[in-house]
Each structure stands twice: as C-alpha cells, then as structure tokens.
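Enquirer: Handing over input.csv, CSV, C-alpha atoms.
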```csv
chain,number,residue,atom,x,y,z
A,8,MET,CA,109.2,106.2,53.1
A,9,LYS,CA,108.3,107.0,56.7
A,10,LYS,CA,110.4,110.2,56.6
A,11,THR,CA,108.6,111.3,53.5
A,12,ALA,CA,105.2,110.5,55.1
A,13,LYS,CA,106.1,112.6,58.1
A,14,LEU,CA,107.2,115.5,55.9
A,15,LEU,CA,104.0,115.3,54.0
A,16,ARG,CA,101.9,115.3,57.2
A,17,LEU,CA,103.8,118.3,58.4
A,18,ALA,CA,103.1,120.1,55.2
A,19,PHE,CA,99.5,119.2,55.6
A,20,LEU,CA,99.4,120.7,59.0
A,21,LEU,CA,101.0,123.9,57.8
A,22,LEU,CA,98.5,124.1,54.9
A,23,PHE,CA,95.5,123.2,57.1
A,24,PRO,CA,94.2,126.8,57.5
A,25,VAL,CA,94.1,127.1,53.7
A,26,LEU,CA,92.3,123.8,53.4
A,27,LEU,CA,89.8,124.8,56.1
A,28,ALA,CA,89.1,128.1,54.4
A,29,ALA,CA,88.4,126.2,51.2
A,30,CYS,CA,86.1,123.8,53.1
A,31,SER,CA,84.2,126.6,54.8
A,32,ALA,CA,83.8,128.4,51.5
A,33,SER,CA,82.0,125.4,50.0
A,34,GLY,CA,79.1,125.9,52.6
A,35,ALA,CA,76.3,128.3,52.5
A,36,SER,CA,77.9,130.5,55.2
A,37,SER,CA,81.1,130.8,57.2
A,38,SER,CA,81.9,131.6,60.8
A,39,SER,CA,80.3,134.8,62.0
A,40,ASP,CA,79.2,136.6,65.2
A,41,THR,CA,76.0,134.6,65.1
A,42,ASP,CA,77.8,131.2,64.9
A,43,SER,CA,77.8,129.8,68.4
A,44,SER,CA,78.1,126.1,67.4
A,45,TRP,CA,81.5,125.6,69.1
A,46,GLN,CA,80.4,127.6,72.2
A,47,ASP,CA,77.2,125.4,72.4
A,48,VAL,CA,79.3,122.2,72.4
A,49,GLN,CA,81.6,123.6,75.0
A,50,SER,CA,78.6,124.7,77.2
A,51,ALA,CA,77.1,121.2,76.8
A,52,GLY,CA,80.4,119.6,77.6
A,53,LYS,CA,79.8,117.1,74.8
A,54,LEU,CA,79.9,116.5,71.1
A,55,VAL,CA,77.0,114.5,69.8
A,56,ILE,CA,78.3,112.3,67.0
A,57,GLY,CA,76.2,110.4,64.4
A,58,LEU,CA,77.8,107.0,63.7
A,59,GLU,CA,76.7,104.2,61.5
A,60,ASP,CA,76.1,100.8,63.1
A,61,GLY,CA,77.1,97.4,61.7
A,62,PHE,CA,80.0,98.8,59.7
A,63,LEU,CA,83.2,97.3,61.2
A,64,PRO,CA,86.0,98.1,61.1
A,65,VAL,CA,84.8,101.7,60.6
A,66,SER,CA,82.0,101.8,63.2
A,67,ASP,CA,79.7,99.5,65.2
A,68,PHE,CA,77.7,99.4,68.4
A,69,ASP,CA,77.7,96.6,70.9
A,70,ALA,CA,76.7,96.1,74.5
A,71,ASP,CA,79.7,98.2,75.6
A,72,GLY,CA,78.9,101.1,73.2
A,73,ALA,CA,80.6,102.3,70.0
A,74,ARG,CA,83.7,100.7,68.6
A,75,GLY,CA,85.8,100.8,65.5
A,76,PHE,CA,88.2,103.3,63.8
A,77,ALA,CA,85.7,106.1,63.8
A,78,ALA,CA,84.7,105.7,67.4
A,79,GLU,CA,88.2,105.4,68.7
A,80,SER,CA,89.4,108.4,66.7
A,81,ALA,CA,86.4,110.5,67.8
A,82,LEU,CA,87.1,109.7,71.4
A,83,GLU,CA,90.6,110.9,71.1
A,84,LEU,CA,89.6,114.0,69.3
A,85,CYS,CA,87.0,114.9,71.9
A,86,ARG,CA,89.7,114.3,74.6
A,87,ARG,CA,91.8,116.9,72.8
A,88,LEU,CA,88.9,119.3,72.6
A,89,GLY,CA,88.1,118.9,76.3
A,90,VAL,CA,84.5,117.6,75.8
A,91,GLU,CA,82.8,114.2,76.0
A,92,ALA,CA,81.9,112.1,73.0
A,93,GLU,CA,78.3,111.0,72.8
A,94,PHE,CA,77.6,108.5,70.0
A,95,VAL,CA,74.2,108.2,68.4
A,96,GLU,CA,73.3,105.4,66.0
A,97,THR,CA,72.7,107.0,62.6
A,98,ALA,CA,71.7,105.2,59.4
A,99,PRO,CA,73.1,106.8,56.2
A,100,GLU,CA,69.6,107.6,54.9
A,101,ASP,CA,68.7,109.5,58.1
A,102,ALA,CA,72.1,111.2,58.8
A,103,LEU,CA,71.5,114.6,57.1
A,104,THR,CA,68.0,114.9,58.4
A,105,MET,CA,69.2,114.2,62.0
A,106,LEU,CA,71.9,116.8,61.5
A,107,ALA,CA,69.5,119.4,60.1
A,108,ASP,CA,67.1,118.7,63.0
A,109,GLY,CA,69.8,119.2,65.6
A,110,GLU,CA,69.7,115.6,66.9
A,111,ILE,CA,73.4,115.3,66.3
A,112,ASP,CA,76.3,117.9,66.0
A,113,CYS,CA,78.0,116.1,63.2
A,114,VAL,CA,78.0,113.0,61.0
A,115,TRP,CA,81.2,111.0,61.6
A,116,ALA,CA,82.9,108.8,58.9
A,117,GLY,CA,80.1,109.3,56.4
A,118,SER,CA,80.6,108.6,52.8
A,119,LYS,CA,80.8,111.9,50.9
A,120,THR,CA,79.9,110.0,47.7
A,121,VAL,CA,76.6,108.8,49.3
A,122,LEU,CA,75.6,111.7,51.5
A,123,LEU,CA,76.6,114.8,49.6
A,124,ASP,CA,76.1,116.1,46.1
A,125,ASP,CA,76.6,119.3,44.2
A,126,SER,CA,73.6,120.9,45.8
A,127,SER,CA,74.7,120.2,49.3
A,128,ASP,CA,75.8,123.2,51.4
A,129,GLU,CA,77.0,121.3,54.5
A,130,LEU,CA,80.6,121.7,55.6
A,131,SER,CA,82.7,118.5,55.2
A,132,TYR,CA,86.2,117.4,55.8
A,133,THR,CA,87.5,114.2,54.1
A,134,TYR,CA,90.2,112.2,55.9
A,135,PHE,CA,90.1,108.6,54.8
A,136,GLN,CA,89.0,106.6,51.8
A,137,GLY,CA,87.9,103.2,50.5
A,138,ASP,CA,86.4,101.4,47.5
A,139,GLN,CA,83.4,99.2,46.8
A,140,VAL,CA,84.5,95.6,46.1
A,141,ILE,CA,82.9,92.2,45.6
A,142,LEU,CA,83.3,89.7,48.4
A,143,CYS,CA,82.7,85.9,47.8
A,144,LEU,CA,83.2,82.7,49.7
A,145,ALA,CA,86.6,81.3,48.8
A,146,SER,CA,85.0,77.9,48.3
A,147,ALA,CA,82.7,79.2,45.5
A,148,GLU,CA,83.8,78.8,41.9
A,149,ILE,CA,83.8,82.6,41.4
A,150,ARG,CA,87.1,84.0,40.1
A,151,ASN,CA,86.0,87.0,38.1
A,152,ILE,CA,83.0,89.2,37.5
A,153,ALA,CA,81.9,87.1,34.5
A,154,ASP,CA,81.4,84.1,36.9
A,155,LEU,CA,78.6,86.0,38.7
A,156,GLN,CA,76.3,85.7,35.7
A,157,GLY,CA,73.0,84.1,36.7
A,158,LEU,CA,73.9,84.4,40.5
A,159,ALA,CA,72.3,86.4,43.3
A,160,VAL,CA,74.3,89.4,44.6
A,161,GLY,CA,73.7,91.5,47.7
A,162,VAL,CA,74.4,95.2,48.3
A,163,LYS,CA,74.0,97.6,51.2
A,164,THR,CA,71.0,100.0,50.8
A,165,GLY,CA,72.1,103.5,49.8
A,166,SER,CA,75.7,102.6,49.3
A,167,SER,CA,77.9,103.9,46.4
A,168,GLY,CA,78.1,100.2,45.4
A,169,GLN,CA,74.3,100.1,45.0
A,170,LYS,CA,74.4,103.2,42.9
A,171,GLU,CA,77.1,101.8,40.7
A,172,LEU,CA,75.2,98.5,40.4
A,173,GLU,CA,72.1,100.3,39.3
A,174,ALA,CA,74.1,102.3,36.8
A,175,SER,CA,75.8,99.2,35.3
A,176,THR,CA,72.6,97.9,33.7
A,177,ALA,CA,74.3,95.1,31.6
A,178,PHE,CA,76.0,93.7,34.7
A,179,ARG,CA,72.9,94.0,36.9
A,180,ASP,CA,70.7,92.4,34.2
A,181,SER,CA,73.1,89.4,34.0
A,182,LEU,CA,72.4,88.6,37.7
A,183,SER,CA,69.6,86.4,38.8
A,184,ALA,CA,68.8,88.8,41.7
A,185,VAL,CA,70.0,91.9,43.5
A,186,THR,CA,69.0,92.0,47.2
A,187,GLU,CA,69.4,95.0,49.4
A,188,TYR,CA,70.5,94.8,53.1
A,189,PRO,CA,70.4,97.6,55.7
A,190,ASP,CA,74.0,97.4,56.8
A,191,THR,CA,77.3,95.6,56.1
A,192,GLN,CA,76.9,93.2,59.0
A,193,SER,CA,73.6,91.8,57.6
A,194,LEU,CA,75.1,91.7,54.1
A,195,LYS,CA,77.9,89.5,55.4
A,196,ALA,CA,75.5,87.3,57.3
A,197,ALA,CA,73.5,86.8,54.0
A,198,LEU,CA,76.7,85.7,52.2
A,199,ASP,CA,77.6,83.3,55.1
A,200,ALA,CA,74.1,81.8,55.0
A,201,GLY,CA,74.2,81.2,51.2
A,202,GLU,CA,71.3,83.6,50.5
A,203,ILE,CA,73.5,85.4,48.0
A,204,SER,CA,76.6,84.3,46.1
A,205,ALA,CA,78.5,87.6,46.4
A,206,ALA,CA,78.3,90.8,48.4
A,207,VAL,CA,79.1,94.3,47.1
A,208,MET,CA,80.6,96.1,50.1
A,209,GLU,CA,83.2,98.5,51.3
A,210,ASP,CA,86.7,97.1,50.9
A,211,LEU,CA,87.5,98.1,54.5
A,212,SER,CA,84.9,95.6,55.7
A,213,ALA,CA,85.7,93.0,53.0
A,214,ALA,CA,89.4,93.2,53.9
A,215,LEU,CA,88.6,92.6,57.6
A,216,CYS,CA,86.7,89.5,56.7
A,217,CYS,CA,89.7,88.2,54.7
A,218,ARG,CA,92.2,89.1,57.4
A,219,GLU,CA,90.1,87.3,60.1
A,220,SER,CA,89.2,84.3,57.9
A,221,PRO,CA,91.5,84.1,54.9
A,222,ASP,CA,90.4,80.5,54.0
A,223,VAL,CA,86.7,81.5,54.1
A,224,TYR,CA,86.5,84.7,52.0
A,225,ALA,CA,88.0,86.1,48.8
A,226,ILE,CA,87.7,89.5,47.1
A,227,LEU,CA,87.3,89.4,43.3
A,228,PRO,CA,90.5,90.8,41.6
A,229,ASP,CA,90.7,93.3,38.8
A,230,ASP,CA,91.8,92.3,35.3
A,231,THR,CA,95.5,92.2,36.3
A,232,GLY,CA,94.8,89.8,39.1
A,233,THR,CA,97.0,91.8,41.4
A,234,ALA,CA,94.5,94.1,43.1
A,235,PRO,CA,90.8,94.1,44.1
A,236,MET,CA,88.4,95.2,41.5
A,237,ALA,CA,86.9,98.5,42.6
A,238,LEU,CA,83.3,99.2,41.5
A,239,ALA,CA,83.2,102.6,43.1
A,240,HIS,CA,85.2,104.9,45.3
A,241,ASP,CA,84.2,106.4,48.7
A,242,ASP,CA,85.7,109.4,50.5
A,243,TYR,CA,84.8,109.3,54.2
A,244,CYS,CA,84.4,112.6,56.0
A,245,THR,CA,82.9,114.5,59.0
A,246,ILE,CA,79.9,116.6,58.0
A,247,PHE,CA,78.6,119.7,59.8
A,248,ARG,CA,75.7,122.0,59.2
A,249,SER,CA,76.6,124.9,56.9
A,250,GLY,CA,76.2,127.5,59.6
A,251,ASP,CA,78.4,125.6,62.2
A,252,ALA,CA,81.8,126.8,60.8
A,253,SER,CA,83.2,127.5,64.3
A,254,LEU,CA,82.5,123.9,65.4
A,255,ALA,CA,83.8,122.5,62.1
A,256,ALA,CA,87.0,124.5,62.5
A,257,GLN,CA,87.7,123.1,66.0
A,258,VAL,CA,87.0,119.5,64.9
A,259,GLU,CA,88.9,119.7,61.7
A,260,SER,CA,91.9,121.4,63.3
A,261,ALA,CA,92.1,118.6,65.9
A,262,LEU,CA,91.8,116.0,63.1
A,263,GLY,CA,94.6,117.7,61.2
A,264,GLY,CA,96.7,117.5,64.4
A,265,MET,CA,96.0,113.8,64.7
A,266,ILE,CA,97.0,113.2,61.1
A,267,ALA,CA,100.2,115.3,61.6
A,268,ASP,CA,101.4,113.5,64.8
A,269,GLY,CA,100.6,110.1,63.4
A,270,THR,CA,97.7,109.2,65.8
A,271,LEU,CA,95.2,108.6,63.0
A,272,THR,CA,97.7,106.4,61.2
A,273,VAL,CA,98.0,104.2,64.3
A,274,TYR,CA,94.2,103.8,64.4
A,275,SER,CA,94.0,103.2,60.7
A,276,GLU,CA,96.6,100.5,60.8
A,277,LYS,CA,95.0,98.9,63.8
A,278,TRP,CA,91.5,98.7,62.3
A,279,PHE,CA,92.1,98.7,58.6
A,280,GLY,CA,95.5,96.9,58.4
A,281,SER,CA,97.0,99.8,56.5
A,282,ASP,CA,97.2,103.6,56.3
A,283,ARG,CA,94.0,104.7,54.5
A,284,LEU,CA,94.2,108.4,55.3
A,285,THR,CA,93.8,110.8,52.4
A,286,ALA,CA,96.5,113.2,53.6
A,287,GLN,CA,99.6,111.1,53.3
```
What does the file become when written as structure tokens?
Expert:
Amino acid sequence: MKKTAKLLRLAFLLLFPVLLAACSASGASSSSDTDSSWQDVQSAGKLVIGLEDGFLPVSDFDADGARGFAAESALELCRRLGVEAEFVETAPEDALTMLADGEIDCVWAGSKTVLLDDSSDELSYTYFQGDQVILCLASAEIRNIADLQGLAVGVKTGSSGQKELEASTAFRDSLSAVTEYPDTQSLKAALDAGEISAAVMEDLSAALCCRESPDVYAILPDDTGTAPMALAHDDYCTIFRSGDASLAAQVESALGGMIADGTLTVYSEKWFGSDRLTAQ
C-alpha cells in the first residue's frame, strides 16, 4: 500500500504542470508580463496568508500564534519558497473580500464548497478533504438522525453543513431549533454546555474531539453503522486572485512537492490522525 501511494504521488508530481495549467485556465486570466504577484511576495520577503481561527485541527490562533495542519504546512512551504509566513485571522465570510482588497495574498485551507461557486474566477488548488458530520455527547441517547427529532442542533455560520441543513427542510423542520455559531470552537463549547444536543461540524474537528475524549463524544453513524454519516463534503484549497497566476504557480508547485515527498502526509497524520490528502 505504501509503495502504491509513493508511485501515485510521483505520478502526481509528474502531472503537476498539466494540473496547474488546468487550474490557471479556470481563472479570468493567466500569468502574463503584467503579473508581478510572485515578484511582489519575493520583494516583501513574506507571504500574507488568510487563516481561519477556532478550527482545530486545521487552523487556530493562540497566544503563540497560528497552529494546526494548515499553519504548520504553510510554514514549511514558505521555508521552501524562501519567504516568511505572515498569518492573518480570516473569517470565511470575509476571506474573498480581504483577498480582493489585497489584505492577504491567499486564502489558506478554505472550503471550496463554501467560498467558491461557478461564477468565481479565483485560482484555487485543492489538496485535502473532509465531510460535515453530526457530533453528540456519548452520554446522550442519540444513536441515529431520527433521534434528533425535537432537539436543538448547532451549526457553524456559512459552513457547507449549514447549507445542507437549510436545503434539507424535512430534517430541519423536525428539530426544535437550529442555532448558528461563528466557529467550530464555539460550536463545540455550546455542545459541552448543553445549549444544543448535537453539532453539525467538519469531521476533521469532530474526529479530534473523539480522539482526545473518546468517552465524551460520539459521531452519528450512517445506515450501515460502520462509518460516520456525511451530510456534505468539503474540498479544502488555497485560493488566489485570478490575476496572480505566477504566485499561484510557485505555491502550488511547492505544495505538489510536499505531497510527492510525503511531508504533507506526515502533517496530515499528525493533526488529522489519517492521510486526508486528495492526491493519494
């Protein structure tokens, strides 16, 4: 299995120029003589990265700065590019505006499902994935989705889980209340405090709760009882302005190298407990 994974990663690295061309073609423009985005970053000596707070194990800010899978991988990437990493706290609902206004050079580990749609012309590169699941307290008598009838459920504002909940009118109407929270951390705190009976959140965060406190939390299973029930899927990516193809090419090439040499897999297994990369 490991040999197969290495061969696939090598194939990915060899195919990377083709993938990058496809990625760049999806934006409004490609690299040109007027595109100085990579030169600007080199001149500044730093890459300004928009990163979500309160979203462990993906990203978070504490007294020591940014941490999590996204922060650690971005630090290594910037080391390879020869620039510093500067992290800026970026809420999902503000991320693209901050990018367009030049407050950040890229959005890091943003959900493509949430941030981009068919009308978007930003350049993006997907490299890891997750699902939206339902986290409950293990002590609660909740074993399947039907048991949530008449109970209060929490969800993160703007998440794909919220979108799916709004679209599933029958399920939503069966609940006593649906409460929004600004980030995953506050959503978990509401569950701990008994404000809600269940939390719709990213499985990356829910799995971390279960790994750290297996007797406290449980993720609702699917109909087979052998896997978590996924309400929605998220592809996480780096996002660049459509005209910044030269910067996108440098970052994406470095990320491709980190996938090929196994560095991102090490970070993924450290923070997620498994290899969640899309190019496996």
Enquirer: Which one of A:Thr120, A:Ser212, A:Ser126, A:Ser146 sits closest to A:Gly280 if you count all atoms listed in the file?
Expert: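 Result for the nearest residue to A:Gly280: A:Ser212.
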Enquirer: From the list A:Thr104, A:Arg87, A:Leu58, A:Leu194, which residue is nearest A:Arg74 when using only C-alpha atoms?
Expert: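 With only C-alpha atoms as the atom set, the closest residue is A:Leu58.
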Enquirer: From the options A:Ser204, A:Ser50, A:Ser66, A:Ser253, which residue's atoms come nearest to A:Gln156, counting all atoms listed in the file?
Expert: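 Counting all atoms listed in the file, the residue closest to A:Gln156 is A:Ser204.
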Enquirer: Between A:Glu91, A:Asp251, A:Asp108, A:Asp268, which one has atoms that come closest to A:Trp45, using all atoms listed in the file?
Expert: A:Asp251
Enquirer: Looking at A:Gly75, A:Ala51, A:Glu259, A:Trp278, which one is nearest to A:Arg218, with distances taken over only C-alpha atoms?
Expert: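 Looking only at the distances to A:Arg218, the closest residue turns out to be A:Trp278.
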Enquirer: Between A:Leu122, A:Cys216, A:Leu271, A:Cys113, which has the minimum distance to A:Pro99 (counting only C-alpha atoms)?
Expert: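 Closest to A:Pro99 of all the choices is A:Leu122.
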Enquirer: Need to verify the contact set: A:Val162, 9 Å, all atoms listed in the file, exclusion of same-chain residues closer than 4 positions in sequence. Can you return it as number ranges by chain?
Expert: A: 166, 168-169, 172, 185-191, 194, 205-208
